[in-house]
Structures are given as C-alpha cells and as structure tokens.
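Below is one structure, written out as structure tokens, with a few remarks after it.
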Amino acid sequence: MNRCGESKSDEIHPGFDSSIRLDFQGAKTTSDAGFLLFREVDQRFNILAPLAEDLCDSRSKSHTRHSYVQMTRQRIYQIAAGYEDCNDADFLRADPVLRLCMGKREKNGAGQSALSRLENKVLGNTVGISALEKVLVRSADACLTSYAKKSLLIIQQDSTEDPAHGEQEQVAYNGYFQSTCFHPLFTFTSDGTCLAAKLRPGNVSSADGARHMLQDVLRRYRHRYKKMWYRADAAFALPEIYGLCEKEGVTYFIRLPTNSVLKEYIEDDLARPEMPVEKHHPVVRLLDFQYIAKSWDKPRRVICKIEWHEGDLFPRVGFIVTNSKLSPEKVVKVYNARGDIENRIKEGKLTLRWDKTSCRKFAANEARLLMGIIAYNLLHLIRSRYMKGEPVRRSIEWIIRRLVKVAARVSQHARRWYVHIASSFPLAHHYLAVFQT
C-alpha cells in the first residue's frame with residue numbers, strides 16, 4: 001500500500017503531470033458502448049435467437065457456461081465492432097456492455113479457446129453452415145424492410161480474391177488473381193445488403209455456383225417485388241444465367257466478353273471521330289443490335305459502347321447483353337452502377353476482415369466468412385434504417401469509429417443497470433433513433 005491507500009498495480013505515469021495515474025483496471029467501463037446497438041436490432045428483428053433451434057446442444061446444462069447462441073452472438077458482435085481476431089475475446093469477455101448484450105451480466109463471456117471450438121466443431125460443419133445461412137437470410141430480410149415498399153429489387157453478383165498464407169483445406173492457385181487463395185462468391189442488392197455468400201476453393205471460375213445462388217435469392221424475394229433486375233460482369237455472361245433470368249421474368253444487364261464476331265459487328269463504327277476529343281469529355285458512340293453466340297439458343301439484344309478519350313490511339317469498347325427495353329443510354333447507366341458491389345466487398349474486407357480465413361478446416365473458414373457477413377448486415381441495417389437524412393452515405397468504418405467505439409461507465413443499482421455515456425457525445429441522436437424507433 002502507498003501513502004494514499006491505493007494498492008500497487010501496473011500504473012503508467014504521464015510525464016507531463018506526475019500526479020496522474022493511468023491503469024487498465026476499469027472493470028465497470030467500456031470502450032464499445034455500441035454493442036448495445038447490435039443487440040437492439042438483433043432482438044428487434046429476431047436475427048440470432050432462432051439459432052438455438054438449428055443447433056442441437058447436447059452438452060450438460062449443469063456444466064455449460066455459455067450457450068451456442070451467446071457465443072455466436074459474442075463472436076459476431078466482436079467482428080462488427082472491429083475485433084475480427086478471436087484472441088481479442090480473452091480481453092473483451094470482461095467488457096460490461098458486451099456481457100449485458102449476451103445476457104451474462106456479472107459473468108464473463110467466452111474466451112478465445114471456447115470461440116475457436118465454436119468455429120471449428122459447432123459451426124464448422126454442414127449443420128452449422130446451414131444455421132448461419134438462415135441467420136444471414138434473416139439479417140438481409142431485416143435490411144430489406146427499410147425499403148420494402150419499393151417495387152424494384154436490383155440484384156448483383158461478384159466474386160473476390162481471399163488470399164491464403166497457410167495449408168488450409170481447398171486453398172488453390174488462381175491464375176486470374178495470380179495468388180494462392182479462396183474464391184468467395186457474393187450476392188448483394190443495389191443498396192448494399194448482402195443476400196448470400198459462399199466460400200469456394202481458389203481454383204473455381206468466378207461464376208461457379210452463381211446460378212444456384214441466384215435461384216435461391218429469386219425464390220425468396222420473387223413474391224415481394226414487382227420488378228427484379230440482375231447485373232454482373234463478364235464472368236457471369238453464361239447461357240444458364242440468361243435462361244434463369246428469362247424464365248423468372250428478371251431483367252438482366254451483363255457485360256459480354258469481346259470476341260472476333262462482335263468486333264465484326266462494330267467494325268464500321270470504329271473510325272476516329274472528326275471532332276476533337278476534349279480532356280475529361282470523351283466522345284461516346286452507342287450501338288444497339290441483335291447477336292447470337294454458338295452456345296445460345298436464340299438471339300439476344302447487345303448494346304455496344306465505343307468511347308474515345310484524349311490521347312488514346314484506339315477506342316475503349318464494351319458490350320452489354322440485356323433483355324431490357326430501355327434505351328441504350330439507360331442500359332449503360334444501369335450497368336455502370338454495378339461497380340458499387342465492388343465497394344461493398346472492399347468495405348467488408350478492409351473494415352471487417354472478411355478475408356481473415358485462417359482456420360485449417362474449410363468449413364470453419366466458411367463459418368467465419370458468414371459471421372463476418374452477418375456482422376456487416378447488422379451495421380448496414382443501422383446505416384440504412386436508422387441513419388436516414390444524413391448529408392452523405394456513412395461508411396461501415398465511420399459507424400464503427402463514431403457510434404460503436406463510444407466510451408461509457410456501467411453501474412448497477414438494485415435490479416437495474418445503467419450505461420452512462422458522456423453528456424457531450426455529439427452523435428447521441430443516432431442512439432435515440434435506434435432505441436426510440
């Protein structure tokens with residue numbers, strides 16, 4: 001004991017003022033009050049609770065500290081708060097707000113070893129993956145309720161590189177990315193909601209399994225929307241995709257790979273324009289014609305965009321196959337908006353580390369990816385439903401940094417718990433929007 005009566009501990013003494021003491025023993029404080037936002041929207045839309053019905057827990061209740069739902073909830077909330085590493089659980093398990101969100105109150109949450117067993121033994125199998133896919137569907141449905149009255153749903157698919165650095169199952173070299181990786185597939189809406197995701201071996205094609213995933217999505221939402229549009233890049237320009245869209249009455253906008261036959265169609269229109277090409281103002285020519293490939297069963301409409309830029313020796317040429325009746329200008333505009341899905345995938349990889357698939361088992365890595373997607377949808381649900389009227393579209397990183405990373409003091413009085421956030425917190429209106437809606 002020192003002369004002031006405090007017990008000796010690992011204290012830090014700032015050099016600018018020796019009377020200040022800094023330690024890490026604030027058991028009743030949190031750096032992430034935003035955990036409460038996750039539990040509120042999770043509970044309101046019944047996203048994670050039904051997981052208990054899908055996972056059979058054969059453990060003895062008298063010897064069980066944490067239920068499967070509690071551990072899954074803890075893992076997903078941690079990822080959503082920016083703690084993608086399982087090792088962080090050894091410290092976060094004592095966070096008072098995270099404990100409240102899991103229903104633990106005075107008891108600590110699960111540590112790294114328990115969450116690792118959850119990923120590898122409970123969720124890292126066919127039953128666990130199926131249960132997480134159902135959770136993903138419920139989280140997507142919750143996001144879609146924010147604009148359920150709209151009559152149009154725009155669906156877009158894309159794949160990405162997930163580099164691997166070990167001997168994980170089904171890791172393979174991908175010639176396109178020129179790396180050893182996994183090759184996951186995603187389906188998003190135009191507003192950024194992830195509808196489905198699948199981890200795949202690294203050497204599969206970009207469109208492998210895309211038709212089956214798209215068919216499941218159409219089956220889920222066909223009855224809710226009058227019109228559905230589908231857009232994707234050239235890797236998804238396949239007759240099976242066209243056929244499914246035409247059968248289901250879906251309008252598609254898909255980039256078509258260039259080939260010698262298509263070049264012959266536009267050969268007469270490749271002459272350099274007589275007018276000078278100004279900087280930042282390219283000269284654009286649009287062509288509209290019917291085309292049939294050898295693998296197609298009928299001709300389809302193709303829009304060609306020929307673009308001359310200043311200083312370019314040759315024009316930039318792109319083809320879009322579509323069954324839309326829109327004008328060529330509008331077809332190009334609709335397709336160009338497809339690039340937003342790449343931003344959403346990048347957001348998930350850079351902010352929530354979807355690519356942290358470092359488990360040895362392939363199924364465990366797929367479980368990790370799905371939990372990362374669910375964490376993303378929880379954040380996106382807050383963004384799309386409770387942050388309307390903002391001057392700009394907030395990024396996932398902004399939400400984590402400004403709304404989740406909020407310090408608070410936790411106190412207990414009788415049977416009530418109080419989470420005290422600073423009265424000077426400038427973004428309190430976002431918390432009010434979530435809890436008072």
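Here, A, B, ... name the chains of the structure tokens in the order displayed, residue numbers run from 1 inside each chain, and ligands are numbered from 1 in the same displayed order.
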
| said: If DSSP is run on the backbone, what residues of range 39-225 of chain A are helix (DSSP H, G or I)? A reply as a ChimeraX atom specification would be ideal. | reply: /A:39-44,51-54,61-63,68-80,86-92,96-102,112-122,126-147,210-224

Restricting the output to C-alpha atoms, write the selected residues as a PDB file, in the first residue's frame.
```pdb
ATOM      1  CA  ARG A  39     -28.228  -6.348 -29.589  1.00  0.00           C
ATOM      2  CA  GLU A  40     -31.145  -3.953 -30.055  1.00  0.00           C
ATOM      3  CA  VAL A  41     -31.512  -4.522 -33.807  1.00  0.00           C
ATOM      4  CA  ASP A  42     -30.695  -8.219 -33.377  1.00  0.00           C
ATOM      5  CA  GLN A  43     -33.513  -8.602 -30.834  1.00  0.00           C
ATOM      6  CA  ARG A  44     -35.974  -6.383 -32.695  1.00  0.00           C
ATOM      7  CA  LEU A  51     -30.120 -20.194 -33.986  1.00  0.00           C
ATOM      8  CA  ALA A  52     -30.841 -22.227 -30.833  1.00  0.00           C
ATOM      9  CA  GLU A  53     -33.425 -24.252 -32.764  1.00  0.00           C
ATOM     10  CA  ASP A  54     -30.983 -25.057 -35.583  1.00  0.00           C
ATOM     11  CA  LYS A  61     -26.620 -27.806 -18.779  1.00  0.00           C
ATOM     12  CA  SER A  62     -25.056 -28.033 -15.333  1.00  0.00           C
ATOM     13  CA  HIS A  63     -21.584 -27.992 -16.890  1.00  0.00           C
ATOM     14  CA  TYR A  68     -24.218 -21.593 -28.586  1.00  0.00           C
ATOM     15  CA  VAL A  69     -26.370 -18.522 -29.212  1.00  0.00           C
ATOM     16  CA  GLN A  70     -24.453 -16.492 -26.627  1.00  0.00           C
ATOM     17  CA  MET A  71     -21.081 -17.452 -28.098  1.00  0.00           C
ATOM     18  CA  THR A  72     -22.187 -16.837 -31.692  1.00  0.00           C
ATOM     19  CA  ARG A  73     -23.653 -13.520 -30.640  1.00  0.00           C
ATOM     20  CA  GLN A  74     -20.389 -12.584 -28.905  1.00  0.00           C
ATOM     21  CA  ARG A  75     -18.278 -13.555 -31.942  1.00  0.00           C
ATOM     22  CA  ILE A  76     -20.444 -11.649 -34.421  1.00  0.00           C
ATOM     23  CA  TYR A  77     -20.691  -8.559 -32.213  1.00  0.00           C
ATOM     24  CA  GLN A  78     -16.910  -8.549 -31.793  1.00  0.00           C
ATOM     25  CA  ILE A  79     -16.398  -8.695 -35.555  1.00  0.00           C
ATOM     26  CA  ALA A  80     -18.943  -5.911 -36.056  1.00  0.00           C
ATOM     27  CA  CYS A  86     -10.574 -14.489 -31.920  1.00  0.00           C
ATOM     28  CA  ASN A  87      -7.781 -13.779 -29.424  1.00  0.00           C
ATOM     29  CA  ASP A  88      -9.456 -10.457 -28.550  1.00  0.00           C
ATOM     30  CA  ALA A  89     -12.153 -12.427 -26.730  1.00  0.00           C
ATOM     31  CA  ASP A  90      -9.771 -13.096 -23.836  1.00  0.00           C
ATOM     32  CA  PHE A  91      -9.972  -9.382 -23.008  1.00  0.00           C
ATOM     33  CA  LEU A  92     -13.437  -8.482 -24.315  1.00  0.00           C
ATOM     34  CA  PRO A  96     -19.513  -4.980 -19.025  1.00  0.00           C
ATOM     35  CA  VAL A  97     -21.603  -3.849 -22.023  1.00  0.00           C
ATOM     36  CA  LEU A  98     -20.776  -6.945 -24.070  1.00  0.00           C
ATOM     37  CA  ARG A  99     -21.753  -9.069 -21.054  1.00  0.00           C
ATOM     38  CA  LEU A 100     -25.086  -7.240 -20.812  1.00  0.00           C
ATOM     39  CA  CYS A 101     -25.713  -7.788 -24.531  1.00  0.00           C
ATOM     40  CA  MET A 102     -25.123 -11.518 -24.147  1.00  0.00           C
ATOM     41  CA  GLN A 112     -10.621 -17.460 -27.308  1.00  0.00           C
ATOM     42  CA  SER A 113     -10.491 -21.228 -26.799  1.00  0.00           C
ATOM     43  CA  ALA A 114     -14.279 -21.533 -26.459  1.00  0.00           C
ATOM     44  CA  LEU A 115     -14.939 -19.392 -29.546  1.00  0.00           C
ATOM     45  CA  SER A 116     -12.365 -21.361 -31.548  1.00  0.00           C
ATOM     46  CA  ARG A 117     -14.154 -24.595 -30.629  1.00  0.00           C
ATOM     47  CA  LEU A 118     -17.408 -22.946 -31.678  1.00  0.00           C
ATOM     48  CA  GLU A 119     -15.986 -22.127 -35.117  1.00  0.00           C
ATOM     49  CA  ASN A 120     -14.319 -25.469 -35.716  1.00  0.00           C
ATOM     50  CA  LYS A 121     -16.659 -28.002 -34.093  1.00  0.00           C
ATOM     51  CA  VAL A 122     -20.105 -26.450 -33.782  1.00  0.00           C
ATOM     52  CA  THR A 126     -22.906 -28.791 -42.675  1.00  0.00           C
ATOM     53  CA  VAL A 127     -25.409 -28.187 -39.866  1.00  0.00           C
ATOM     54  CA  GLY A 128     -23.591 -25.117 -38.571  1.00  0.00           C
ATOM     55  CA  ILE A 129     -23.161 -23.589 -42.041  1.00  0.00           C
ATOM     56  CA  SER A 130     -26.864 -24.122 -42.757  1.00  0.00           C
ATOM     57  CA  ALA A 131     -27.791 -22.450 -39.452  1.00  0.00           C
ATOM     58  CA  LEU A 132     -25.582 -19.430 -40.213  1.00  0.00           C
ATOM     59  CA  GLU A 133     -27.055 -19.135 -43.702  1.00  0.00           C
ATOM     60  CA  LYS A 134     -30.506 -18.869 -42.128  1.00  0.00           C
ATOM     61  CA  VAL A 135     -29.195 -16.131 -39.825  1.00  0.00           C
ATOM     62  CA  LEU A 136     -27.798 -14.338 -42.885  1.00  0.00           C
ATOM     63  CA  VAL A 137     -31.197 -14.532 -44.583  1.00  0.00           C
ATOM     64  CA  ARG A 138     -32.922 -13.057 -41.515  1.00  0.00           C
ATOM     65  CA  SER A 139     -30.378 -10.226 -41.339  1.00  0.00           C
ATOM     66  CA  ALA A 140     -30.898  -9.499 -45.052  1.00  0.00           C
ATOM     67  CA  ASP A 141     -34.684  -9.529 -44.622  1.00  0.00           C
ATOM     68  CA  ALA A 142     -34.342  -7.024 -41.771  1.00  0.00           C
ATOM     69  CA  CYS A 143     -32.330  -4.717 -44.040  1.00  0.00           C
ATOM     70  CA  LEU A 144     -34.856  -5.042 -46.857  1.00  0.00           C
ATOM     71  CA  THR A 145     -37.729  -3.962 -44.609  1.00  0.00           C
ATOM     72  CA  SER A 146     -36.276  -0.448 -44.681  1.00  0.00           C
ATOM     73  CA  TYR A 147     -37.408  -0.126 -48.288  1.00  0.00           C
ATOM     74  CA  ALA A 210     -23.781 -18.425 -59.256  1.00  0.00           C
ATOM     75  CA  ARG A 211     -26.922 -19.810 -60.895  1.00  0.00           C
ATOM     76  CA  HIS A 212     -27.878 -21.875 -57.838  1.00  0.00           C
ATOM     77  CA  MET A 213     -27.301 -18.925 -55.501  1.00  0.00           C
ATOM     78  CA  LEU A 214     -29.297 -16.595 -57.764  1.00  0.00           C
ATOM     79  CA  GLN A 215     -32.131 -19.121 -57.993  1.00  0.00           C
ATOM     80  CA  ASP A 216     -32.376 -19.283 -54.185  1.00  0.00           C
ATOM     81  CA  VAL A 217     -32.456 -15.483 -53.934  1.00  0.00           C
ATOM     82  CA  LEU A 218     -35.172 -15.210 -56.596  1.00  0.00           C
ATOM     83  CA  ARG A 219     -37.238 -17.865 -54.829  1.00  0.00           C
ATOM     84  CA  ARG A 220     -37.053 -15.872 -51.577  1.00  0.00           C
ATOM     85  CA  TYR A 221     -37.974 -12.466 -52.953  1.00  0.00           C
ATOM     86  CA  ARG A 222     -39.904 -13.076 -56.166  1.00  0.00           C
ATOM     87  CA  HIS A 223     -43.296 -12.566 -54.459  1.00  0.00           C
ATOM     88  CA  ARG A 224     -42.262  -9.321 -52.728  1.00  0.00           C
TER      89      ARG A 224
END
```

| request: Give me the residues within 10 Å of Leu287 in chain A as a list in words, counting only C-alpha atoms and dropping any in the same chain fewer than 2 places off. | output: Tyr265, Ile266, Asp269, Arg285, Phe289, Val302, Ile303, Cys304, Lys305, Ile306, Phe319, Pro328 and Glu329 of chain A

Using N, CA and C atoms, can you export the residues from the last selection as an mmCIF file, in the first residue's frame?
```
data_model
loop_
_atom_site.group_PDB
_atom_site.id
_atom_site.type_symbol
_atom_site.label_atom_id
_atom_site.label_comp_id
_atom_site.auth_asym_id
_atom_site.auth_seq_id
_atom_site.Cartn_x
_atom_site.Cartn_y
_atom_site.Cartn_z
ATOM 1 N N TYR A 265 -19.197 -6.941 -85.996
ATOM 2 C CA TYR A 265 -20.453 -6.193 -85.930
ATOM 3 C C TYR A 265 -20.204 -4.681 -85.877
ATOM 4 N N ILE A 266 -19.134 -4.278 -85.221
ATOM 5 C CA ILE A 266 -18.918 -2.847 -84.974
ATOM 6 C C ILE A 266 -17.757 -2.283 -85.779
ATOM 7 N N ASP A 269 -17.914 1.145 -87.283
ATOM 8 C CA ASP A 269 -18.158 2.266 -86.365
ATOM 9 C C ASP A 269 -16.942 2.608 -85.510
ATOM 10 N N ARG A 285 -20.067 6.585 -78.550
ATOM 11 C CA ARG A 285 -20.976 6.074 -79.561
ATOM 12 C C ARG A 285 -21.643 4.828 -79.000
ATOM 13 N N PHE A 289 -27.877 -3.810 -81.287
ATOM 14 C CA PHE A 289 -28.093 -4.827 -82.321
ATOM 15 C C PHE A 289 -28.417 -6.178 -81.680
ATOM 16 N N VAL A 302 -27.810 -6.741 -77.675
ATOM 17 C CA VAL A 302 -26.490 -6.339 -77.210
ATOM 18 C C VAL A 302 -26.323 -4.842 -77.446
ATOM 19 N N ILE A 303 -25.842 -4.153 -76.424
ATOM 20 C CA ILE A 303 -25.519 -2.732 -76.515
ATOM 21 C C ILE A 303 -23.999 -2.606 -76.503
ATOM 22 N N CYS A 304 -23.458 -1.891 -77.482
ATOM 23 C CA CYS A 304 -22.018 -1.669 -77.551
ATOM 24 C C CYS A 304 -21.721 -0.200 -77.256
ATOM 25 N N LYS A 305 -20.765 0.033 -76.381
ATOM 26 C CA LYS A 305 -20.330 1.393 -76.055
ATOM 27 C C LYS A 305 -18.908 1.586 -76.574
ATOM 28 N N ILE A 306 -18.757 2.546 -77.498
ATOM 29 C CA ILE A 306 -17.450 2.887 -78.061
ATOM 30 C C ILE A 306 -17.070 4.254 -77.529
ATOM 31 N N PHE A 319 -19.279 -4.337 -74.290
ATOM 32 C CA PHE A 319 -20.558 -4.897 -74.731
ATOM 33 C C PHE A 319 -21.395 -5.279 -73.512
ATOM 34 N N PRO A 328 -30.511 2.565 -75.097
ATOM 35 C CA PRO A 328 -29.098 2.205 -74.896
ATOM 36 C C PRO A 328 -28.415 3.046 -73.828
ATOM 37 N N GLU A 329 -28.743 4.353 -73.761
ATOM 38 C CA GLU A 329 -28.135 5.224 -72.754
ATOM 39 C C GLU A 329 -28.477 4.754 -71.345
#
```

Mind dumping a table of every range 286-364 of chain A residue within 7 Å of range 158-175 of chain A, with the nearest atom pair and its distance in Å to one decimal, using only C-alpha atoms, sorted by chain and rising number, as a tab-separated table?
```
residue	atom	partner	partner_atom	distance
A:Asp355	CA	A:Asp162	CA	5.3
A:Cys359	CA	A:Gln168	CA	6.7
A:Arg360	CA	A:Gln168	CA	4.4
A:Lys361	CA	A:Glu169	CA	5.6
A:Phe362	CA	A:Glu169	CA	5.1
```

| Pick from A:Lys356, A:Ile320, A:Lys226, A:His309, whichever lies nearest to Cys181 in chain A using only C-alpha atoms |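 Under the stated criterion, the closest residue is A:Lys356.
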
| Nearest to Ile254 in chain A: which of A:Glu397, A:Glu267, A:Asp233, A:Glu240 is it, counting only C-alpha atoms? |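 Looking only at the distances to Ile254 in chain A, the closest residue turns out to be A:Asp233.
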
| Taking into account only C-alpha atoms, which residue in the set A:Arg200, A:Arg231, A:Lys279, A:Arg402 is nearest to Ile154 in chain A? |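 When distances to Ile154 in chain A are compared using only C-alpha atoms, the smallest one comes from A:Arg231.
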
| message | Given only C-alpha atoms as the basis, pick out the residue of A:His420, A:Arg409, A:Arg401, A:Arg93 nearest to Leu379 in chain A. | response |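 Checking each of A:His420, A:Arg409, A:Arg401, A:Arg93 against Leu379 in chain A, counting only C-alpha atoms, the winner is A:Arg401.
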
Filtered DSSP result for range 74-319 of chain A, state strand (DSSP E), as a PDB file with C-alpha atoms, in the first residue's frame:
```
ATOM      1  CA  LEU A 152     -37.889  -2.836 -57.799  1.00  0.00           C
ATOM      2  CA  LEU A 153     -35.129  -5.047 -56.390  1.00  0.00           C
ATOM      3  CA  ILE A 154     -31.726  -4.877 -58.087  1.00  0.00           C
ATOM      4  CA  ILE A 155     -29.565  -7.965 -57.531  1.00  0.00           C
ATOM      5  CA  GLN A 156     -25.876  -8.106 -58.351  1.00  0.00           C
ATOM      6  CA  GLN A 157     -23.263 -10.834 -58.085  1.00  0.00           C
ATOM      7  CA  ASP A 158     -19.493 -10.758 -57.917  1.00  0.00           C
ATOM      8  CA  SER A 159     -16.539 -12.756 -56.617  1.00  0.00           C
ATOM      9  CA  ASP A 162      -9.300 -14.167 -50.488  1.00  0.00           C
ATOM     10  CA  PRO A 163      -5.521 -14.724 -50.198  1.00  0.00           C
ATOM     11  CA  ALA A 172      -5.583 -23.357 -54.586  1.00  0.00           C
ATOM     12  CA  TYR A 173      -3.720 -21.193 -57.067  1.00  0.00           C
ATOM     13  CA  ASN A 174      -5.923 -18.874 -59.123  1.00  0.00           C
ATOM     14  CA  SER A 179      -2.193 -15.951 -55.995  1.00  0.00           C
ATOM     15  CA  THR A 180      -2.975 -18.888 -53.724  1.00  0.00           C
ATOM     16  CA  CYS A 181      -6.387 -18.102 -52.320  1.00  0.00           C
ATOM     17  CA  PHE A 182     -10.033 -18.883 -51.676  1.00  0.00           C
ATOM     18  CA  LEU A 185     -18.982 -15.509 -54.231  1.00  0.00           C
ATOM     19  CA  PHE A 186     -21.394 -12.782 -53.072  1.00  0.00           C
ATOM     20  CA  THR A 187     -24.892 -11.594 -53.941  1.00  0.00           C
ATOM     21  CA  PHE A 188     -25.824  -8.032 -52.960  1.00  0.00           C
ATOM     22  CA  THR A 189     -28.704  -5.651 -53.538  1.00  0.00           C
ATOM     23  CA  CYS A 194     -25.708  -8.892 -48.659  1.00  0.00           C
ATOM     24  CA  LEU A 195     -28.286 -11.531 -49.604  1.00  0.00           C
ATOM     25  CA  ALA A 196     -25.989 -14.550 -49.851  1.00  0.00           C
ATOM     26  CA  ALA A 197     -22.332 -15.549 -49.661  1.00  0.00           C
ATOM     27  CA  LYS A 198     -20.369 -18.707 -50.321  1.00  0.00           C
ATOM     28  CA  LYS A 227     -39.734  -5.983 -60.892  1.00  0.00           C
ATOM     29  CA  MET A 228     -36.310  -7.540 -60.390  1.00  0.00           C
ATOM     30  CA  TRP A 229     -33.109  -6.570 -62.177  1.00  0.00           C
ATOM     31  CA  TYR A 230     -29.861  -8.525 -62.274  1.00  0.00           C
ATOM     32  CA  ARG A 231     -26.447  -7.174 -63.223  1.00  0.00           C
ATOM     33  CA  ALA A 232     -22.982  -8.720 -63.263  1.00  0.00           C
ATOM     34  CA  THR A 251     -34.326  -8.117 -66.448  1.00  0.00           C
ATOM     35  CA  TYR A 252     -30.574  -8.642 -66.759  1.00  0.00           C
ATOM     36  CA  PHE A 253     -27.664  -6.328 -67.604  1.00  0.00           C
ATOM     37  CA  ILE A 254     -24.471  -8.364 -68.032  1.00  0.00           C
ATOM     38  CA  ARG A 255     -21.178  -7.361 -69.582  1.00  0.00           C
ATOM     39  CA  LEU A 256     -20.302  -9.526 -72.580  1.00  0.00           C
ATOM     40  CA  VAL A 283     -16.723  11.008 -77.418  1.00  0.00           C
ATOM     41  CA  VAL A 284     -19.201   8.149 -76.926  1.00  0.00           C
ATOM     42  CA  ARG A 285     -20.976   6.074 -79.561  1.00  0.00           C
ATOM     43  CA  LEU A 286     -23.711   3.564 -78.654  1.00  0.00           C
ATOM     44  CA  LEU A 287     -24.764   0.703 -80.915  1.00  0.00           C
ATOM     45  CA  ASP A 288     -27.848  -1.489 -80.483  1.00  0.00           C
ATOM     46  CA  PHE A 289     -28.093  -4.827 -82.321  1.00  0.00           C
ATOM     47  CA  GLN A 290     -29.176  -8.474 -82.070  1.00  0.00           C
ATOM     48  CA  TYR A 291     -26.484 -11.111 -81.605  1.00  0.00           C
ATOM     49  CA  ARG A 300     -30.268 -11.515 -77.660  1.00  0.00           C
ATOM     50  CA  ARG A 301     -30.011  -7.755 -77.520  1.00  0.00           C
ATOM     51  CA  VAL A 302     -26.490  -6.339 -77.210  1.00  0.00           C
ATOM     52  CA  ILE A 303     -25.519  -2.732 -76.515  1.00  0.00           C
ATOM     53  CA  CYS A 304     -22.018  -1.669 -77.551  1.00  0.00           C
ATOM     54  CA  LYS A 305     -20.330   1.393 -76.055  1.00  0.00           C
ATOM     55  CA  ILE A 306     -17.450   2.887 -78.061  1.00  0.00           C
ATOM     56  CA  GLU A 307     -15.551   5.550 -76.152  1.00  0.00           C
ATOM     57  CA  TRP A 308     -12.783   7.814 -77.486  1.00  0.00           C
ATOM     58  CA  ARG A 316     -12.400   1.688 -75.447  1.00  0.00           C
ATOM     59  CA  VAL A 317     -15.076  -0.837 -76.381  1.00  0.00           C
ATOM     60  CA  GLY A 318     -17.539  -2.653 -74.113  1.00  0.00           C
ATOM     61  CA  PHE A 319     -20.558  -4.897 -74.731  1.00  0.00           C
TER      62      PHE A 319
END
```

| One-decimal distance in Å that lies between CA of Lys104 in chain A and CA of Leu123 in chain A | 21.6 Å

| Gap from CA of Leu381 in chain A to CA of Thr193 in chain A - Å, one decimal |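 Between CA of Leu381 in chain A and CA of Thr193 in chain A the gap works out to 8.2 Å.
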
| Selected residue of minimal separation from Thr30 in chain A among A:Asp208, A:Glu11, A:Glu347, A:Asp95, counting only C-alpha atoms |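 Among the listed residues, the smallest separation from Thr30 in chain A belongs to A:Asp95.
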
| message | So, with only C-alpha atoms as the atoms that count, which of A:Pro239, A:Gly389, A:Gly311, A:Gly82 lies closest to Leu352 in chain A? | response | A:Gly82

| Between CA of Tyr418 in chain A and CA of Ala433 in chain A, what is the distance, to one decimal in Å? | 18.9 Å
